[in-house]
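Notes to accompany the following structure.
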Amino acid sequence: MIPSLLPTYNRVDLAFERGQGSWLITERGERYLDLGAGIAVNALGHAHPELVEVLTAQGAKLWHVSNLYTIPEQQKLADMLVDLTFADTVFFTNSGTEACELAVKMARKYWHDKAQPDRARIVGFDGSFHGRSSAGIAAAGGDKLTAGFGPLLPGFTHLPFGDLDGLTNALSEGDVAAVIIEPVQGEGGIRPVPDDELKAIRAACDASGTLLILDEVQCGMGRTGKLFAHEWSGVTPDIMMVAKGIGGGFPLGAVLATEDAASGMVAGTHGSTYGGNPLACAIGVKVMQIVSDGAFLDEVRRKSGLLRQKLEGLVAAHPDVFASVRGSGLMLGLVCNAPNTEVLRACYGAQVLCVPAGENVLRILPALTIEDDDIAEAVGRLEIAAKAVEGRST
């Protein structure tokens, strides 16, 4: 029998009826502690009352109009993003994948309009993930993403993670439009780019006049304890991709850019039917108001310290299962000694939800609003899972 859903996911036989805060509940009333947050999407947890209120109020007024018209909610969110970041201008998308498409177009159009159309190459890094569109898989590379989808979009080069010498050599060839990098790799296994390396990449781009694109789709929106992860290093990009947490669970993404980097994107060069619709942007405004608050970010940093401390203890107590903890803020990875797929199955048995990643890692991406008691409960359930894995190996 042909499945009615295209079988592109290895789905777990789990279905949830409702969510509340950091918890997901099945139809049978089973409660699962959610440490995945929809892969860093539900930044404020499930059914956050302020988001529900905004969704209900805006939904009763206006869901969608064309971008042929002025959309006040869109303008308000754009103004907030410009006021709080490096950016001068914003374009709204529905997802991080769409944001990647625009970022690539923007960088190439920039050089085309400067009468350097051959300066079109984009340099990325192994282990990255920039979505599953043609530009996204070409930017990330790797057989897992690209196998069977050739011919790939040309004009992309991939360097080993952390290869600054290779980057300098690539930039010296004079045909690179932009460098694209995640300040913290997500799919690649929760690998933060050290601050000094991000500074060196920015300096190399400045020296060669190359644009820097930061992909903050997963690591942005308060997840590392600052509004955006690059703020820890003190560098700023020319173009930045944002999505996931900005909508708090509602589909929303954005590309932020300096006036100069965006100068080629004039009327008619890009568009989106749904991007920046009133419903999404009204929710985005409320998410920004909450997440950008200094006291809220202070709490994210405090909670991340508490969670990391408890995870370090878990690793020390179960060295056959876990090797280490890495990451930043509430974007953490448990590096596993046992196969991460086996540990993940045990987590399902303990009714705690994590997300697998590269390098045999389990991603820990809780809601930024997770309570202290839930952190303790989560680590307790992870310990139950670890003991189950140990029991299978004896």
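The way I read the labels, and the way they are meant: chains A, B, ... in the order of the structure tokens, residue 1 as the first residue of every chain, and ligand 1 as the first ligand shown, with later ones counted on from there.
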
inquiry  = At a cut-off of 10 Å, using only C-alpha atoms, what residues contact segment 243-250 of chain A? Leave out same-chain residues fewer than 3 positions from it and give the result as an NGL selection string.
reply    = :A and (37-48 or 51 or 55 or 92-99 or 215-223 or 253-255 or 279-288 or 291 or 367-368)

Residue set, segment 164-281 of chain A restricted to strand (DSSP E or B), as an mmCIF file with C-alpha atoms, in the first residue's frame:
```cif
data_model
loop_
_atom_site.group_PDB
_atom_site.id
_atom_site.type_symbol
_atom_site.label_atom_id
_atom_site.label_comp_id
_atom_site.auth_asym_id
_atom_site.auth_seq_id
_atom_site.Cartn_x
_atom_site.Cartn_y
_atom_site.Cartn_z
ATOM 1 C CA VAL A 176 34.010 34.658 -3.605
ATOM 2 C CA ALA A 177 30.778 36.558 -3.097
ATOM 3 C CA ALA A 178 30.117 35.474 0.484
ATOM 4 C CA VAL A 179 31.023 33.162 3.330
ATOM 5 C CA ILE A 180 28.105 31.391 5.009
ATOM 6 C CA ILE A 181 28.392 29.896 8.493
ATOM 7 C CA VAL A 184 26.711 27.198 16.369
ATOM 8 C CA GLN A 185 26.191 24.236 14.067
ATOM 9 C CA ARG A 191 29.499 22.670 17.340
ATOM 10 C CA PRO A 192 30.046 26.299 18.372
ATOM 11 C CA LEU A 211 30.123 39.446 2.443
ATOM 12 C CA LEU A 212 29.545 37.424 5.614
ATOM 13 C CA ILE A 213 26.269 35.519 5.915
ATOM 14 C CA LEU A 214 25.416 34.174 9.368
ATOM 15 C CA ASP A 215 22.832 31.408 9.624
ATOM 16 C CA ILE A 239 23.421 39.263 5.963
ATOM 17 C CA MET A 240 21.712 37.057 8.553
ATOM 18 C CA MET A 241 19.169 34.250 8.248
ATOM 19 C CA VAL A 242 16.573 33.929 11.025
ATOM 20 C CA GLY A 253 11.553 33.513 8.954
ATOM 21 C CA ALA A 254 13.525 36.554 7.924
ATOM 22 C CA VAL A 255 16.642 37.809 6.213
ATOM 23 C CA LEU A 256 18.315 40.765 7.891
ATOM 24 C CA ALA A 257 20.934 42.805 6.061
#
```

Please build the interface table for segment 93-186 of chain A against segment 349-360 of chain A with a cut-off of 10 Å, listing for each qualifying residue the nearest atom pair and the distance in Å to one decimal; count only C-alpha atoms, order rows by chain and increasing number, and write it as CSV.
```
residue,atom,partner,partner_atom,distance
A:Gly127,CA,A:Gly358,CA,7.7
A:Ser128,CA,A:Gly358,CA,9.9
A:Gln185,CA,A:Gly358,CA,9.7
A:Gly186,CA,A:Ala357,CA,7.2
```

message = Can you measure atom CA of Ser263 of chain A to atom CA of Ala78 of chain A for me? One decimal in Å is fine.
response = 17.1 Å

task = Skip Leu334 of chain A itself and residues of its chain fewer than 5 positions away, then list as a PyMOL selection string all residues within 10 Å of it, counting only C-alpha atoms.
result = chain A and resi 189-190+311-312+314-315+321-327+340+354+356-357+360-364

task = Just the residues within 7 Å of segment 158-170 of chain A, please, counting only C-alpha atoms, with nothing from its chain fewer than 5 positions along; format it as a PyMOL selection string.
result = chain A and resi 123-126+141+204

message = From the options A:Gly313, A:Gly333, A:Pro251, A:Pro278, which residue's atoms come nearest to Ala376 of chain A, counting only C-alpha atoms?
response = A:Gly313

inquiry  = When you count only C-alpha atoms, which of these residues is closest to Tyr348 of chain A: A:Ile201, A:Leu332, A:Ile2, A:Leu35?
reply    =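 Ranking A:Ile201, A:Leu332, A:Ile2, A:Leu35 by distance to Tyr348 of chain A, first place goes to A:Leu35.
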
request  = May I have all residues of segment 24-121 of chain A that DSSP, computed from the backbone, assigns to helix (DSSP H, G or I), given as a count of residues only?
outcome  = 46
